[in-house]
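Enquirer: What follows is data-v5.csv; its format and atoms are CSV, C-alpha atoms.
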```csv
chain,number,residue,atom,x,y,z
C,3,MET,CA,-70.3,37.7,154.4
C,4,VAL,CA,-69.1,37.1,157.9
C,5,MET,CA,-68.0,40.8,158.2
C,6,ARG,CA,-71.3,42.0,156.9
C,7,ARG,CA,-73.2,39.9,159.5
C,8,ASP,CA,-70.8,41.0,162.3
C,9,LEU,CA,-71.3,44.7,161.3
C,10,ASP,CA,-75.1,44.3,161.3
C,11,GLU,CA,-74.9,42.8,164.8
C,12,ALA,CA,-72.6,45.6,166.0
C,13,LEU,CA,-74.9,48.3,164.6
C,14,LYS,CA,-77.8,46.8,166.6
C,15,VAL,CA,-75.7,47.1,169.8
C,16,LEU,CA,-74.6,50.6,168.9
C,17,LYS,CA,-78.1,51.8,168.2
C,18,ALA,CA,-79.4,50.4,171.4
C,19,GLY,CA,-76.6,51.9,173.5
C,20,ALA,CA,-76.1,55.2,171.7
C,21,GLY,CA,-75.8,58.1,174.1
C,22,ASP,CA,-76.2,56.0,177.2
C,23,GLN,CA,-73.6,53.3,177.5
C,24,ILE,CA,-71.8,54.1,174.2
C,25,LYS,CA,-70.6,57.7,173.7
C,26,ALA,CA,-68.6,57.3,170.4
C,27,LEU,CA,-67.6,54.8,167.7
C,28,ILE,CA,-64.1,54.5,166.4
C,29,LEU,CA,-64.0,52.2,163.4
C,30,THR,CA,-60.6,50.9,162.3
C,31,GLY,CA,-59.2,48.2,160.1
C,32,ALA,CA,-56.8,45.4,161.1
C,33,GLY,CA,-53.5,44.2,159.7
C,34,GLY,CA,-52.2,47.4,158.2
C,35,GLY,CA,-55.2,48.1,155.9
C,36,PHE,CA,-58.7,49.5,156.3
C,37,CYS,CA,-60.4,48.0,153.3
C,38,ALA,CA,-58.7,46.7,150.2
C,39,GLY,CA,-61.9,46.5,148.2
C,40,GLY,CA,-64.0,43.6,147.1
C,41,ASP,CA,-63.2,39.9,147.3
C,42,VAL,CA,-62.3,39.3,143.7
C,43,LYS,CA,-62.0,35.6,144.1
C,44,ALA,CA,-65.5,35.3,145.6
C,45,MET,CA,-66.8,37.5,142.7
C,46,HIS,CA,-65.2,35.1,140.2
C,47,LYS,CA,-66.7,32.1,142.0
C,48,ARG,CA,-70.2,33.6,141.7
C,49,GLY,CA,-69.5,33.8,137.9
C,50,ARG,CA,-71.2,35.7,135.2
C,51,ASP,CA,-74.5,34.0,135.8
C,52,SER,CA,-75.1,35.9,139.1
C,53,ALA,CA,-78.4,37.6,139.0
C,54,ALA,CA,-78.4,41.3,138.6
C,55,PHE,CA,-81.1,41.6,141.3
C,56,ALA,CA,-78.9,39.8,143.9
C,57,ALA,CA,-76.1,42.3,143.2
C,58,ARG,CA,-78.6,45.1,143.5
C,59,ASP,CA,-79.8,43.8,146.9
C,60,ARG,CA,-76.3,43.5,148.2
C,61,LEU,CA,-75.6,47.1,147.2
C,62,ARG,CA,-78.9,48.2,148.9
C,63,GLU,CA,-77.8,46.4,152.1
C,64,ALA,CA,-74.4,48.2,152.0
C,65,HIS,CA,-76.1,51.5,151.5
C,66,ASN,CA,-78.4,50.8,154.5
C,67,ARG,CA,-75.4,50.1,156.7
C,68,LEU,CA,-73.8,53.4,155.7
C,69,LEU,CA,-77.0,55.2,156.5
C,70,ASP,CA,-77.1,53.4,159.9
C,71,LEU,CA,-73.6,54.6,160.6
C,72,LEU,CA,-74.4,58.1,159.5
C,73,ASN,CA,-77.5,58.3,161.7
C,74,LEU,CA,-76.0,57.0,164.9
C,75,GLU,CA,-76.6,59.3,167.8
C,76,MET,CA,-72.9,59.5,168.6
C,77,PRO,CA,-69.7,60.7,167.0
C,78,VAL,CA,-68.3,58.2,164.4
C,79,ILE,CA,-64.6,58.4,163.8
C,80,VAL,CA,-63.1,56.3,161.1
C,81,ALA,CA,-59.3,55.7,161.5
C,82,VAL,CA,-58.0,54.7,158.1
C,83,ASP,CA,-54.6,53.0,158.1
C,84,GLY,CA,-53.5,51.9,154.6
C,85,ALA,CA,-55.8,51.2,151.7
C,86,ALA,CA,-59.5,52.2,151.6
C,87,ALA,CA,-60.7,51.1,148.2
C,88,GLY,CA,-64.0,50.2,146.5
C,89,ARG,CA,-67.1,50.3,148.7
C,90,GLY,CA,-64.7,50.4,151.7
C,91,PHE,CA,-63.8,53.9,150.8
```
Spell out the structure here as structure tokens.
Expert:
Amino acid sequence: MVMRRDLDEALKVLKAGAGDQIKALILTGAGGGFCAGGDVKAMHKRGRDSAAFAARDRLREAHNRLLDLLNLEMPVIVAVDGAAAGRGF
């Protein structure tokens, strides 16, 4: 959740500065991996009673973030080091 919020804030800054102060985006992971996939423990905690609509909304938000990255007015370079699994791929 924190990473999603941080990415949303970063995208706002990138959109505002695209082409002027910010010429390119290089997106990397940390700690030897890019994205190891979903947080299975968090998924388990939500349990089987999680509403399908909540999951759909999270997927829509993720798709919107990808579209925001795709539509930035600057080159976007993704430096993948290690695993890139699940939605992180």
Enquirer: Please measure the separation of atom CA of Met5 of chain C and atom CA of Leu71 of chain C, giving the value in Å to one decimal.
Expert: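 According to the coordinates, atom CA of Met5 of chain C and atom CA of Leu71 of chain C are separated by 15.1 Å.
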Enquirer: What's around Glu75 of chain C at 12 Å? Count all atoms listed in the file, leave out sequence neighbours fewer than 2 positions away in its own chain, and write the answer as a PyMOL selection string.
Expert: chain C and resi 13+16-27+70-73+77-78
Enquirer: Atom CA of Arg67 of chain C and atom CA of Glu11 of chain C are how many Å apart?
Expert: 10.9 Å
Enquirer: Record the distance separating atom CA of Ala12 of chain C and atom CA of Lys47 of chain C, expressed in Å with one decimal.
Expert: 28.2 Å
Enquirer: Applying 8 Å and only C-alpha atoms, which residues near Ala81 of chain C remain after dropping the ones on its own chain fewer than 6 positions away? List them as a PyMOL selection string.
Expert: chain C and resi 28-31
Enquirer: Around the point (-74.5, 42.5, 157.4) in the file's coordinates, collect all residues with an atom within 12 Å, using all atoms listed in the file, and return them as a count of residues only.
Expert: 23
Enquirer: Starting from the incomplete input, reconstruct all heavy atoms of segment 11-22 of chain C and report them as a PDB file, in the frame of the given file.
Expert:
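Saved to selection-v5.pdb:
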```
ATOM      1  N   GLU C  11     -74.738  43.089 163.404  1.00  0.00           N
ATOM      2  CA  GLU C  11     -74.900  42.800 164.800  1.00  0.00           C
ATOM      3  C   GLU C  11     -74.360  43.995 165.660  1.00  0.00           C
ATOM      4  O   GLU C  11     -74.973  44.445 166.633  1.00  0.00           O
ATOM      5  CB  GLU C  11     -74.279  41.512 165.248  1.00  0.00           C
ATOM      6  CG  GLU C  11     -74.998  40.295 164.707  1.00  0.00           C
ATOM      7  CD  GLU C  11     -76.458  40.237 165.142  1.00  0.00           C
ATOM      8  OE1 GLU C  11     -76.754  40.470 166.337  1.00  0.00           O
ATOM      9  OE2 GLU C  11     -77.311  39.966 164.279  1.00  0.00           O
ATOM     10  N   ALA C  12     -73.189  44.489 165.281  1.00  0.00           N
ATOM     11  CA  ALA C  12     -72.600  45.600 166.000  1.00  0.00           C
ATOM     12  C   ALA C  12     -73.451  46.858 165.898  1.00  0.00           C
ATOM     13  O   ALA C  12     -73.603  47.597 166.880  1.00  0.00           O
ATOM     14  CB  ALA C  12     -71.184  45.886 165.450  1.00  0.00           C
ATOM     15  N   LEU C  13     -74.031  47.100 164.728  1.00  0.00           N
ATOM     16  CA  LEU C  13     -74.900  48.300 164.600  1.00  0.00           C
ATOM     17  C   LEU C  13     -76.125  48.188 165.469  1.00  0.00           C
ATOM     18  O   LEU C  13     -76.564  49.205 166.019  1.00  0.00           O
ATOM     19  CB  LEU C  13     -75.317  48.422 163.099  1.00  0.00           C
ATOM     20  CG  LEU C  13     -74.240  49.002 162.191  1.00  0.00           C
ATOM     21  CD1 LEU C  13     -74.615  48.808 160.721  1.00  0.00           C
ATOM     22  CD2 LEU C  13     -73.997  50.467 162.496  1.00  0.00           C
ATOM     23  N   LYS C  14     -76.665  46.994 165.663  1.00  0.00           N
ATOM     24  CA  LYS C  14     -77.800  46.800 166.600  1.00  0.00           C
ATOM     25  C   LYS C  14     -77.403  47.235 168.000  1.00  0.00           C
ATOM     26  O   LYS C  14     -78.142  47.942 168.692  1.00  0.00           O
ATOM     27  CB  LYS C  14     -78.298  45.387 166.570  1.00  0.00           C
ATOM     28  CG  LYS C  14     -79.020  44.988 165.318  1.00  0.00           C
ATOM     29  CD  LYS C  14     -79.416  43.522 165.378  1.00  0.00           C
ATOM     30  CE  LYS C  14     -79.925  43.035 164.045  1.00  0.00           C
ATOM     31  NZ  LYS C  14     -80.185  41.583 164.044  1.00  0.00           N
ATOM     32  N   VAL C  15     -76.236  46.769 168.429  1.00  0.00           N
ATOM     33  CA  VAL C  15     -75.700  47.100 169.800  1.00  0.00           C
ATOM     34  C   VAL C  15     -75.483  48.593 169.889  1.00  0.00           C
ATOM     35  O   VAL C  15     -75.841  49.221 170.896  1.00  0.00           O
ATOM     36  CB  VAL C  15     -74.454  46.290 170.080  1.00  0.00           C
ATOM     37  CG1 VAL C  15     -73.809  46.750 171.373  1.00  0.00           C
ATOM     38  CG2 VAL C  15     -74.756  44.798 170.126  1.00  0.00           C
ATOM     39  N   LEU C  16     -74.869  49.175 168.860  1.00  0.00           N
ATOM     40  CA  LEU C  16     -74.600  50.600 168.900  1.00  0.00           C
ATOM     41  C   LEU C  16     -75.842  51.445 168.953  1.00  0.00           C
ATOM     42  O   LEU C  16     -75.923  52.412 169.717  1.00  0.00           O
ATOM     43  CB  LEU C  16     -73.752  50.988 167.644  1.00  0.00           C
ATOM     44  CG  LEU C  16     -72.319  50.477 167.629  1.00  0.00           C
ATOM     45  CD1 LEU C  16     -71.746  50.568 166.220  1.00  0.00           C
ATOM     46  CD2 LEU C  16     -71.472  51.254 168.620  1.00  0.00           C
ATOM     47  N   LYS C  17     -76.840  51.088 168.148  1.00  0.00           N
ATOM     48  CA  LYS C  17     -78.100  51.800 168.200  1.00  0.00           C
ATOM     49  C   LYS C  17     -78.765  51.756 169.542  1.00  0.00           C
ATOM     50  O   LYS C  17     -79.283  52.756 170.047  1.00  0.00           O
ATOM     51  CB  LYS C  17     -79.061  51.280 167.113  1.00  0.00           C
ATOM     52  CG  LYS C  17     -78.709  51.634 165.708  1.00  0.00           C
ATOM     53  CD  LYS C  17     -79.749  51.000 164.777  1.00  0.00           C
ATOM     54  CE  LYS C  17     -79.328  51.007 163.352  1.00  0.00           C
ATOM     55  NZ  LYS C  17     -80.311  50.358 162.473  1.00  0.00           N
ATOM     56  N   ALA C  18     -78.751  50.575 170.135  1.00  0.00           N
ATOM     57  CA  ALA C  18     -79.400  50.400 171.400  1.00  0.00           C
ATOM     58  C   ALA C  18     -78.697  51.152 172.550  1.00  0.00           C
ATOM     59  O   ALA C  18     -79.347  51.645 173.471  1.00  0.00           O
ATOM     60  CB  ALA C  18     -79.453  48.893 171.770  1.00  0.00           C
ATOM     61  N   GLY C  19     -77.373  51.270 172.467  1.00  0.00           N
ATOM     62  CA  GLY C  19     -76.600  51.900 173.500  1.00  0.00           C
ATOM     63  C   GLY C  19     -76.187  53.327 173.262  1.00  0.00           C
ATOM     64  O   GLY C  19     -75.523  53.953 174.095  1.00  0.00           O
ATOM     65  N   ALA C  20     -76.559  53.871 172.111  1.00  0.00           N
ATOM     66  CA  ALA C  20     -76.100  55.200 171.700  1.00  0.00           C
ATOM     67  C   ALA C  20     -76.534  56.262 172.724  1.00  0.00           C
ATOM     68  O   ALA C  20     -77.705  56.368 173.063  1.00  0.00           O
ATOM     69  CB  ALA C  20     -76.640  55.558 170.328  1.00  0.00           C
ATOM     70  N   GLY C  21     -75.546  57.016 173.195  1.00  0.00           N
ATOM     71  CA  GLY C  21     -75.800  58.100 174.100  1.00  0.00           C
ATOM     72  C   GLY C  21     -75.868  57.696 175.569  1.00  0.00           C
ATOM     73  O   GLY C  21     -75.638  58.507 176.446  1.00  0.00           O
ATOM     74  N   ASP C  22     -76.182  56.441 175.836  1.00  0.00           N
ATOM     75  CA  ASP C  22     -76.200  56.000 177.200  1.00  0.00           C
ATOM     76  C   ASP C  22     -74.946  55.256 177.592  1.00  0.00           C
ATOM     77  O   ASP C  22     -74.077  55.847 178.207  1.00  0.00           O
ATOM     78  CB  ASP C  22     -77.436  55.020 177.411  1.00  0.00           C
ATOM     79  CG  ASP C  22     -78.772  55.726 177.221  1.00  0.00           C
ATOM     80  OD1 ASP C  22     -78.886  56.891 177.634  1.00  0.00           O
ATOM     81  OD2 ASP C  22     -79.681  55.105 176.653  1.00  0.00           O
TER      82      ASP C  22
END
```
